[in-house]
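Chemist: Just upload.cif, nothing more (mmCIF, C-alpha atoms and all ligand atoms):
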data_data
loop_
_atom_site.label_atom_id
_atom_site.label_comp_id
_atom_site.auth_asym_id
_atom_site.auth_seq_id
_atom_site.Cartn_x
_atom_site.Cartn_y
_atom_site.Cartn_z
CA MET A 1 18.25 4.36 15.96
CA ILE A 2 14.74 4.46 17.49
CA THR A 3 12.20 1.91 16.32
CA LEU A 4 8.62 1.44 17.43
CA GLU A 5 7.13 -1.79 16.14
CA ASN A 6 3.38 -2.28 16.26
CA VAL A 7 3.15 -0.34 19.52
CA SER A 8 -0.21 0.12 21.23
CA LYS A 9 -0.92 1.67 24.61
CA THR A 10 -4.15 1.37 26.56
CA TYR A 11 -4.52 3.17 29.90
CA PRO A 12 -6.86 1.57 32.44
CA GLY A 13 -10.07 3.60 32.88
CA ARG A 14 -10.12 5.99 35.81
CA ARG A 15 -12.72 5.24 38.53
CA GLY A 16 -14.76 2.71 36.59
CA SER A 17 -14.67 4.57 33.26
CA GLU A 18 -13.72 2.93 29.96
CA PRO A 19 -10.02 2.19 29.24
CA VAL A 20 -8.32 4.81 27.00
CA GLN A 21 -6.63 3.64 23.80
CA ALA A 22 -3.85 6.29 23.58
CA LEU A 23 -1.79 4.70 20.77
CA THR A 24 -2.81 2.11 18.17
CA GLU A 25 -0.39 -0.04 16.14
CA VAL A 26 2.31 2.61 15.80
CA ASP A 27 5.26 1.75 13.54
CA LEU A 28 7.99 4.39 13.47
CA GLU A 29 11.69 4.56 12.48
CA LEU A 30 13.66 7.61 13.67
CA ASP A 31 17.18 7.83 12.25
CA ARG A 32 20.29 8.57 14.28
CA GLY A 33 21.67 12.10 14.49
CA LEU A 34 18.52 13.91 13.39
CA LEU A 35 15.97 16.15 15.05
CA HIS A 36 12.55 14.53 14.77
CA GLY A 37 9.40 16.57 15.31
CA VAL A 38 6.15 14.90 16.37
CA VAL A 39 2.97 16.99 16.03
CA GLY A 40 -0.70 16.35 16.55
CA PRO A 41 -3.76 17.82 18.22
CA SER A 42 -4.36 17.60 21.96
CA GLY A 43 -5.02 14.02 23.05
CA SER A 44 -3.50 12.48 19.89
CA GLY A 45 -0.94 10.52 21.95
CA LYS A 46 2.22 12.66 21.63
CA SER A 47 3.20 12.59 25.32
CA THR A 48 2.42 8.90 25.56
CA LEU A 49 4.67 8.24 22.56
CA VAL A 50 7.63 10.15 23.99
CA ARG A 51 7.21 8.52 27.42
CA LEU A 52 7.36 5.09 25.76
CA LEU A 53 10.80 5.90 24.37
CA ASN A 54 12.40 5.74 27.82
CA LEU A 55 9.79 3.38 29.27
CA LEU A 56 8.34 5.96 31.64
CA GLU A 57 5.26 4.20 30.23
CA ARG A 58 5.30 0.58 29.09
CA PRO A 59 3.47 -0.25 25.84
CA THR A 60 0.53 -2.62 26.17
CA THR A 61 1.80 -4.46 23.09
CA GLY A 62 4.69 -4.00 20.65
CA ARG A 63 8.45 -3.42 20.76
CA VAL A 64 10.49 -0.29 21.57
CA VAL A 65 14.11 -0.41 20.37
CA VAL A 66 16.49 2.47 21.17
CA GLY A 67 20.14 2.41 20.04
CA GLY A 68 19.93 -1.28 19.17
CA GLN A 69 18.59 -2.20 22.62
CA GLU A 70 15.08 -3.61 22.91
CA LEU A 71 13.88 -1.69 25.97
CA THR A 72 10.67 -3.70 26.19
CA ALA A 73 12.72 -6.89 26.75
CA LEU A 74 14.84 -5.51 29.63
CA SER A 75 14.42 -6.02 33.37
CA ALA A 76 13.61 -3.01 35.57
CA ARG A 77 17.29 -2.75 36.61
CA GLU A 78 18.47 -2.91 32.98
CA VAL A 79 15.92 -0.24 32.00
CA ARG A 80 17.34 2.09 34.67
CA ALA A 81 20.83 1.60 33.18
CA ALA A 82 19.56 2.10 29.60
CA ARG A 83 17.86 5.36 30.62
CA ARG A 84 21.28 6.92 31.26
CA SER A 85 21.72 7.15 27.50
CA ILE A 86 18.32 8.90 27.12
CA GLY A 87 17.98 12.51 28.36
CA MET A 88 14.61 14.23 28.73
CA ILE A 89 13.34 17.79 29.11
CA PHE A 90 9.83 18.94 29.99
CA GLN A 91 7.48 21.88 29.49
CA HIS A 92 7.83 23.07 33.10
CA PHE A 93 11.58 22.38 33.40
CA ASN A 94 11.28 20.22 36.60
CA LEU A 95 14.27 21.86 38.32
CA LEU A 96 14.85 21.69 42.08
CA ASP A 97 14.52 25.18 43.56
CA SER A 98 16.63 24.28 46.61
CA ARG A 99 19.63 23.72 44.33
CA THR A 100 21.66 26.17 42.24
CA ALA A 101 21.78 25.84 38.45
CA LEU A 102 25.14 24.04 38.74
CA GLU A 103 23.82 21.67 41.42
CA ASN A 104 20.74 20.89 39.32
CA VAL A 105 22.91 20.00 36.32
CA ALA A 106 25.24 17.89 38.51
CA LEU A 107 22.40 15.88 40.08
CA PRO A 108 22.27 12.97 37.56
CA LEU A 109 26.05 12.52 37.96
CA GLU A 110 25.78 12.54 41.77
CA LEU A 111 23.05 9.89 41.56
CA ALA A 112 25.34 7.81 39.33
CA GLY A 113 28.04 7.96 42.04
CA VAL A 114 30.46 10.32 40.23
CA GLY A 115 32.90 12.15 42.57
CA ARG A 116 32.18 15.74 43.66
CA ALA A 117 35.02 17.43 41.76
CA GLU A 118 34.17 15.69 38.48
CA CYS A 119 30.45 16.46 38.96
CA ARG A 120 31.20 20.19 39.30
CA GLU A 121 33.59 20.20 36.37
CA ARG A 122 31.27 18.39 33.95
CA ALA A 123 28.19 20.33 35.08
CA GLY A 124 30.12 23.63 34.75
CA ALA A 125 31.25 22.74 31.21
CA LEU A 126 27.66 22.00 30.14
CA LEU A 127 26.33 25.20 31.67
CA GLU A 128 28.96 27.06 29.60
CA ARG A 129 27.84 25.10 26.53
CA VAL A 130 24.22 26.25 26.92
CA GLY A 131 25.32 29.86 27.49
CA LEU A 132 24.78 30.02 31.26
CA GLY A 133 28.33 29.83 32.60
CA GLN A 134 27.81 33.14 34.43
CA ARG A 135 24.64 31.94 36.22
CA ALA A 136 25.98 28.74 37.81
CA ALA A 137 25.23 29.98 41.35
CA ALA A 138 21.69 31.21 40.58
CA HIS A 139 18.65 29.33 41.86
CA PRO A 140 15.85 28.48 39.37
CA ARG A 141 13.55 31.19 40.81
CA GLN A 142 16.19 33.78 39.82
CA LEU A 143 16.22 32.63 36.18
CA SER A 144 13.92 33.38 33.22
CA GLY A 145 11.90 30.60 31.55
CA GLY A 146 14.40 30.31 28.71
CA GLN A 147 17.33 30.15 31.15
CA LYS A 148 15.56 27.47 33.19
CA GLN A 149 15.05 25.38 30.05
CA ARG A 150 18.75 25.80 29.24
CA VAL A 151 19.63 24.48 32.71
CA ALA A 152 17.25 21.54 32.13
CA ILE A 153 18.93 20.85 28.75
CA ALA A 154 22.36 20.88 30.41
CA ARG A 155 21.09 18.49 33.11
CA ALA A 156 19.61 16.16 30.47
CA LEU A 157 22.94 16.04 28.61
CA VAL A 158 25.37 15.82 31.53
CA THR A 159 25.45 12.00 31.44
CA ASP A 160 26.40 12.06 27.71
CA PRO A 161 23.17 10.50 26.36
CA THR A 162 22.75 9.65 22.68
CA VAL A 163 19.01 10.42 22.68
CA LEU A 164 17.28 13.61 23.86
CA LEU A 165 13.50 13.59 24.38
CA CYS A 166 11.72 16.95 24.54
CA ASP A 167 8.08 16.97 25.73
CA GLU A 168 6.51 20.35 24.79
CA ALA A 169 9.85 21.91 25.79
CA THR A 170 9.05 25.33 24.37
CA SER A 171 5.32 25.53 25.11
CA ALA A 172 5.79 27.69 28.23
CA LEU A 173 8.13 30.15 26.46
CA ASP A 174 7.51 33.35 24.48
CA PRO A 175 8.22 33.28 20.70
CA ALA A 176 11.71 34.85 20.84
CA THR A 177 12.83 32.55 23.66
CA THR A 178 11.28 29.57 21.87
CA ALA A 179 13.37 30.42 18.80
CA SER A 180 16.62 30.63 20.78
CA VAL A 181 15.96 27.36 22.67
CA LEU A 182 15.14 25.62 19.36
CA ASP A 183 18.32 26.95 17.79
CA LEU A 184 20.27 25.57 20.78
CA LEU A 185 18.59 22.14 20.44
CA ARG A 186 19.39 22.16 16.72
CA GLU A 187 23.03 23.04 17.40
CA LEU A 188 23.43 20.42 20.15
CA THR A 189 21.82 17.73 17.97
CA ASP A 190 24.37 18.44 15.22
CA ASP A 191 27.46 18.98 17.41
CA LEU A 192 26.91 16.03 19.75
CA GLY A 193 25.37 13.70 17.14
CA LEU A 194 22.21 13.37 19.25
CA THR A 195 18.98 11.78 18.12
CA THR A 196 16.44 14.34 19.34
CA VAL A 197 12.68 13.78 19.50
CA LEU A 198 10.63 16.91 19.93
CA ILE A 199 6.95 16.66 20.78
CA THR A 200 4.92 19.80 20.19
CA HIS A 201 1.51 21.13 19.23
CA GLU A 202 3.14 24.20 17.62
CA MET A 203 3.76 23.86 13.89
CA ASP A 204 6.34 26.70 13.82
CA VAL A 205 8.54 24.65 16.13
CA ILE A 206 8.71 21.90 13.53
CA THR A 207 9.39 24.14 10.56
CA ARG A 208 12.15 25.99 12.43
CA ALA A 209 14.06 23.04 13.87
CA ALA A 210 13.12 19.59 12.62
CA ASP A 211 14.68 17.29 10.02
CA THR A 212 11.68 14.98 9.97
CA ALA A 213 8.05 15.36 10.96
CA THR A 214 5.46 12.86 12.15
CA LEU A 215 1.77 13.67 12.40
CA LEU A 216 -0.28 11.80 15.00
CA ALA A 217 -4.08 11.78 15.08
CA GLU A 218 -6.21 9.75 17.47
CA GLY A 219 -3.25 7.61 18.50
CA ARG A 220 -2.19 6.66 14.99
CA VAL A 221 0.66 7.83 12.75
CA VAL A 222 -1.04 9.65 9.88
CA GLU A 223 2.14 10.69 8.09
CA THR A 224 5.90 10.63 8.68
CA GLY A 225 8.95 11.61 6.61
CA PRO A 226 11.69 14.17 5.94
CA LEU A 227 10.39 17.72 6.42
CA ALA A 228 11.13 18.77 2.83
CA GLN A 229 9.02 15.85 1.60
CA VAL A 230 6.01 16.19 3.91
CA VAL A 231 5.56 19.91 3.19
CA SER A 232 5.28 19.32 -0.56
CA PRO A 233 1.90 19.25 -2.37
CA GLY A 234 -0.51 16.44 -1.52
CA HIS A 235 0.73 15.73 2.03
CA ARG A 236 -1.43 15.99 5.16
CA LEU A 237 1.42 17.71 7.02
CA ALA A 238 1.73 20.30 4.27
CA GLN A 239 -1.85 21.34 4.96
CA THR A 240 -1.14 21.49 8.70
CA LEU A 241 2.22 23.28 8.52
CA VAL A 242 1.38 25.68 5.72
CA PRO A 243 1.58 29.38 6.70
CA ARG A 244 -1.54 31.54 6.19
CA PRO A 245 -1.66 35.29 5.46
CA VAL A 246 -1.55 37.23 8.74
CA ARG A 247 -4.84 39.01 8.04
CA PRO A 248 -7.82 37.53 6.15
CA VAL A 249 -8.93 39.31 2.98
CA GLU A 250 -11.71 41.82 3.67
CA ALA A 251 -14.35 43.15 1.29
CA ALA A 252 -12.60 46.56 1.21
CA ASP A 253 -9.46 44.89 -0.23
CA LEU A 254 -11.37 43.58 -3.20
CA PRO A 255 -11.63 45.38 -6.57
CA THR A 256 -15.23 45.63 -7.82
CA ASP A 257 -16.48 42.59 -9.82
CA ALA A 258 -13.71 40.44 -8.37
CA THR A 259 -13.89 37.16 -6.47
CA VAL A 260 -11.24 35.72 -4.16
CA ARG A 261 -9.37 32.54 -5.04
CA THR A 262 -6.96 31.14 -2.43
CA VAL A 263 -4.04 29.17 -3.83
CA ASP A 264 -2.62 26.71 -1.30
CA LEU A 265 0.91 25.90 -2.46
CA ALA A 266 0.74 22.64 -0.52
CA ARG A 267 -1.96 21.46 -2.92
CA GLU A 268 -1.30 23.23 -6.21
CA GLU A 269 1.27 25.15 -8.24
CA LEU A 270 0.71 28.90 -8.71
CA SER A 271 1.83 28.70 -12.35
CA THR A 272 -0.81 26.03 -13.11
CA VAL A 273 -3.57 28.09 -11.50
CA LEU A 274 -2.51 31.24 -13.42
CA ALA A 275 -2.34 29.34 -16.71
CA GLU A 276 -5.84 27.92 -16.16
CA LEU A 277 -7.21 31.38 -15.32
CA ALA A 278 -5.57 32.93 -18.40
CA ALA A 279 -6.94 30.14 -20.61
CA THR A 280 -10.49 30.91 -19.45
CA GLY A 281 -10.03 34.65 -19.98
CA HIS A 282 -9.58 35.66 -16.32
CA HIS A 283 -7.25 38.24 -14.85
CA ALA A 284 -5.61 37.60 -11.45
CA GLU A 285 -4.12 40.08 -8.98
CA VAL A 286 -2.36 39.21 -5.69
CA LEU A 287 -4.28 40.47 -2.63
CA ALA A 288 -2.34 38.82 0.19
CA ALA A 289 0.29 36.13 0.50
CA ARG A 290 2.46 34.36 3.01
CA VAL A 291 5.00 32.06 1.49
CA GLU A 292 7.96 30.46 3.23
CA ASN A 293 10.82 28.29 2.15
CA ILE A 294 10.98 25.15 4.30
CA GLN A 295 14.08 23.12 3.50
CA GLY A 296 13.91 24.06 -0.18
CA ALA A 297 10.15 23.57 -0.58
CA ARG A 298 7.97 26.63 -1.09
CA VAL A 299 4.82 26.49 1.05
CA GLY A 300 2.16 29.01 1.91
CA THR A 301 -1.03 30.55 0.61
CA ILE A 302 -1.73 33.30 -1.89
CA ASP A 303 -5.07 35.12 -2.09
CA LEU A 304 -5.86 36.25 -5.63
CA ALA A 305 -8.55 38.67 -6.85
CA ILE A 306 -10.02 37.16 -10.01
CA ARG A 307 -11.81 39.16 -12.69
CA GLN A 308 -13.27 38.19 -16.03
CA GLY A 309 -11.47 39.73 -19.00
CA ALA A 310 -7.93 40.85 -19.70
CA ARG A 311 -6.08 43.56 -17.72
CA ALA A 312 -7.49 47.01 -18.54
N1 LIG A 401 -2.07 8.21 32.80
C1 LIG A 401 -3.16 8.20 32.03
N2 LIG A 401 -4.27 7.53 32.40
C2 LIG A 401 -5.38 7.49 31.61
N3 LIG A 401 -5.46 8.12 30.41
C3 LIG A 401 -4.39 8.80 30.00
C4 LIG A 401 -3.19 8.89 30.78
N4 LIG A 401 -2.28 9.67 30.09
C5 LIG A 401 -2.89 10.04 28.94
N5 LIG A 401 -4.15 9.53 28.88
C6 LIG A 401 -5.11 9.69 27.75
O1 LIG A 401 -4.49 9.18 26.57
C7 LIG A 401 -4.80 9.99 25.43
C8 LIG A 401 -3.50 10.53 24.82
O2 LIG A 401 -2.91 11.44 25.76
P1 LIG A 401 -1.49 12.14 25.53
O3 LIG A 401 -1.22 12.96 26.74
O4 LIG A 401 -0.50 11.13 25.13
O5 LIG A 401 -1.83 13.08 24.26
P2 LIG A 401 -1.12 14.42 23.78
O6 LIG A 401 -1.19 14.41 22.29
O7 LIG A 401 0.23 14.53 24.41
O8 LIG A 401 -2.09 15.53 24.35
P3 LIG A 401 -1.74 17.03 24.87
O9 LIG A 401 -1.19 17.76 23.65
O10 LIG A 401 -3.07 17.55 25.30
O11 LIG A 401 -0.76 16.88 25.98
C9 LIG A 401 -5.73 11.08 25.94
O12 LIG A 401 -7.06 10.66 25.70
C10 LIG A 401 -5.44 11.14 27.43
O13 LIG A 401 -6.58 11.56 28.16
#
Can the structure from this file be put into C-alpha cells for me?
Ligand SMILES: Nc1ncnc2c1ncn2[C@@H]1O[C@H](COP(=O)(O)OP(=O)(O)OP(=O)(O)O)[C@@H](O)[C@H]1O
Modeler:
Amino acid sequence: MITLENVSKTYPGRRGSEPVQALTEVDLELDRGLLHGVVGPSGSGKSTLVRLLNLLERPTTGRVVVGGQELTALSAREVRAARRSIGMIFQHFNLLDSRTALENVALPLELAGVGRAECRERAGALLERVGLGQRAAAHPRQLSGGQKQRVAIARALVTDPTVLLCDEATSALDPATTASVLDLLRELTDDLGLTTVLITHEMDVITRAADTATLLAEGRVVETGPLAQVVSPGHRLAQTLVPRPVRPVEAADLPTDATVRTVDLAREELSTVLAELAATGHHAEVLAARVENIQGARVGTIDLAIRQGARA
C-alpha cells in the first residue's frame, strides 16, 4: 500500500551551515488496512518520513509509492489531486479558530468545490462518527485538546481518504485523552479500512494501538515488523518498548545477603533464568515486576533477589 524505495532526504544547511541528512536509504513497506507505528528519538527523521508520504517534502533520491501511485513521478497538479486520498493530523490540531467545528470539518470539501448542503451533511456525519455531534457549533477555543483532535480527525477523513497520517497526534494530550484518541484511530482504521501511519516518540502509543512498529535512528530504519514479532526476545524494539517496574528496587527492599538480578523478558525467558539459578544452588524471590501482554507476547522486567542456598 505504501512503499518507500531507497529514500534519502537532505535538507540544505541553514545560513551557511552544513546540509542535514535527515533520512538515509530508507526502504519500507506498509500494508493496507493496518495501523503502523513509527518510533525513534528526537531528530531521527520521523516527521520527515511522514511528510514524504504526501510529498509535503520531496525526497532527495528514491521513490514514494502510495496506493499504487508513484507520487515522486507526478506533476505538482497531479500531486495535489493524489493528496485528496491522504488525510493528515498534527500535534497542535491546526484548526481555524474563526470557524466552528462543523465549518472546520467541511473546509476540505468546500475547497474541492462540493455544494454547501452536501458539505454540511458529510461534515455533520463525520463529527457524529468521532463523538462530537453535539459540539458542531462550538469554536476550537471552546473545545478541549482531545475534542480538537477529534475535529481534526473528522476534517482529515471528510474527503474519504484511504491513508491517514498522524504526526505526534497525541503528544499534546494527557494520558487518558491520548488513550481515547488512540482507540478512536484504531476503530476508524478497522471500520474504514484505512492505512494509518502514526509517528510518535511515546512507546505506550505504539503498544496500545499499532499493528506494526518501525524504529528509526539517525535517519535509518533500524527495525520494522509486526508488533507481536518485534517485542519478542532479541529485537531492538523489544528493548525500547519493554515496560519497567514503576519504582526502582531500593536497598530496604532487599533481604540480607541478597543481590538483585533483573530479568528482561525481551532478552531472556524467566524459566531459563530460574533453572540456571537452581542448578547453581541459588534461591530467587520476586522483588518487583511489570509484565504486559502485547499482542500475545509477554514483555516486561522482573527484579529478583538472589541468595545462595535453598529456601530456609
Ligand atoms: N526544514 C528543515 N530544514 C533543515 N533541517 C531540517 C528541517 N526539518 C528537519 N530538519 C532536520 O532533520 C533531522 C530530522 O528531523 P525530523 O523533524 O524529521 O526528526 P524527528 O524524529 O521528527 O524529531 P522530533 O521528534 O524532535 O520532531 C533533524 O536533524 C532536523 O534538525
Chemist: Output the neighbourhood of ligand LIG 401 (chain A) as a PyMOL selection string, that is, all protein and nucleic acid residues with some atom at most 10 Å from the ligand, counting all atoms listed in the file.
Modeler: chain A and resi 9-14+17-23+38-52+57+167-168+199-202+216-219
Chemist: Write the selection just made, keeping C-alpha atoms, as a PDB file, in the coordinates of the input?
Modeler:
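So selection.pdb came out as:
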ATOM      1  CA  LYS A   9      -0.920   1.670  24.610  1.00  0.00           C
ATOM      2  CA  THR A  10      -4.150   1.370  26.560  1.00  0.00           C
ATOM      3  CA  TYR A  11      -4.520   3.170  29.900  1.00  0.00           C
ATOM      4  CA  PRO A  12      -6.860   1.570  32.440  1.00  0.00           C
ATOM      5  CA  GLY A  13     -10.070   3.600  32.880  1.00  0.00           C
ATOM      6  CA  ARG A  14     -10.120   5.990  35.810  1.00  0.00           C
ATOM      7  CA  SER A  17     -14.670   4.570  33.260  1.00  0.00           C
ATOM      8  CA  GLU A  18     -13.720   2.930  29.960  1.00  0.00           C
ATOM      9  CA  PRO A  19     -10.020   2.190  29.240  1.00  0.00           C
ATOM     10  CA  VAL A  20      -8.320   4.810  27.000  1.00  0.00           C
ATOM     11  CA  GLN A  21      -6.630   3.640  23.800  1.00  0.00           C
ATOM     12  CA  ALA A  22      -3.850   6.290  23.580  1.00  0.00           C
ATOM     13  CA  LEU A  23      -1.790   4.700  20.770  1.00  0.00           C
ATOM     14  CA  VAL A  38       6.150  14.900  16.370  1.00  0.00           C
ATOM     15  CA  VAL A  39       2.970  16.990  16.030  1.00  0.00           C
ATOM     16  CA  GLY A  40      -0.700  16.350  16.550  1.00  0.00           C
ATOM     17  CA  PRO A  41      -3.760  17.820  18.220  1.00  0.00           C
ATOM     18  CA  SER A  42      -4.360  17.600  21.960  1.00  0.00           C
ATOM     19  CA  GLY A  43      -5.020  14.020  23.050  1.00  0.00           C
ATOM     20  CA  SER A  44      -3.500  12.480  19.890  1.00  0.00           C
ATOM     21  CA  GLY A  45      -0.940  10.520  21.950  1.00  0.00           C
ATOM     22  CA  LYS A  46       2.220  12.660  21.630  1.00  0.00           C
ATOM     23  CA  SER A  47       3.200  12.590  25.320  1.00  0.00           C
ATOM     24  CA  THR A  48       2.420   8.900  25.560  1.00  0.00           C
ATOM     25  CA  LEU A  49       4.670   8.240  22.560  1.00  0.00           C
ATOM     26  CA  VAL A  50       7.630  10.150  23.990  1.00  0.00           C
ATOM     27  CA  ARG A  51       7.210   8.520  27.420  1.00  0.00           C
ATOM     28  CA  LEU A  52       7.360   5.090  25.760  1.00  0.00           C
ATOM     29  CA  GLU A  57       5.260   4.200  30.230  1.00  0.00           C
ATOM     30  CA  ASP A 167       8.080  16.970  25.730  1.00  0.00           C
ATOM     31  CA  GLU A 168       6.510  20.350  24.790  1.00  0.00           C
ATOM     32  CA  ILE A 199       6.950  16.660  20.780  1.00  0.00           C
ATOM     33  CA  THR A 200       4.920  19.800  20.190  1.00  0.00           C
ATOM     34  CA  HIS A 201       1.510  21.130  19.230  1.00  0.00           C
ATOM     35  CA  GLU A 202       3.140  24.200  17.620  1.00  0.00           C
ATOM     36  CA  LEU A 216      -0.280  11.800  15.000  1.00  0.00           C
ATOM     37  CA  ALA A 217      -4.080  11.780  15.080  1.00  0.00           C
ATOM     38  CA  GLU A 218      -6.210   9.750  17.470  1.00  0.00           C
ATOM     39  CA  GLY A 219      -3.250   7.610  18.500  1.00  0.00           C
TER      40      GLY A 219
END
Chemist: Do you know which residues are at most 12 Å from Arg267 (chain A) counting only C-alpha atoms, after dropping those on the same chain fewer than 2 positions away, and could you put them as a PyMOL selection string?
Modeler: chain A and resi 230-240+242+262-265+269-270+272-273+298-302
Chemist: Identify, on the basis of only C-alpha atoms, every residue whose closest approach to Gln229 (chain A) does not exceed 10 Å; exclude the query and any residue fewer than 5 positions from it along the same chain; express the result as a ChimeraX atom specification.
Modeler: /A:212-213,224,235,237-238,294-297
Chemist: Using only C-alpha atoms for the distances, tell me which of A:Val79, A:Glu103, A:Thr3, A:Leu254 is nearest to Leu30 (chain A).
Modeler: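 Checking each of A:Val79, A:Glu103, A:Thr3, A:Leu254 against Leu30 (chain A), counting only C-alpha atoms, the winner is A:Thr3.
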Chemist: Of the candidates A:Gly87, A:Gly146, A:Gly193, A:Pro59, which shows the shortest atom-to-atom distance to Glu25 (chain A), using all atoms listed in the file?
Modeler: A:Pro59
Chemist: Quote the spacing between CA of Leu111 (chain A) and CA of Ala169 (chain A) in Å to one decimal place.
Modeler: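 Interatomic distance, CA of Leu111 (chain A) to CA of Ala169 (chain A): 23.8 Å.
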Chemist: If I take CA of Leu227 (chain A) and CA of Asp211 (chain A), how far is one from the other in Å, to one decimal?
Modeler: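 These two atoms are separated by 5.6 Å.
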Chemist: Using CA of Arg261 (chain A) and CA of Arg290 (chain A) as the two end points, give the distance in Å to one decimal.
Modeler: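 Interatomic distance here is 14.4 Å.
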Chemist: So which residues touch region 154-166 of chain A within 8 Å, counting all atoms listed in the file, skipping near sequence neighbours fewer than 4 positions away, as a PyMOL selection string?
Modeler: chain A and resi 50+84-90+104-109+122-123+126-127+129-130+150+193-199
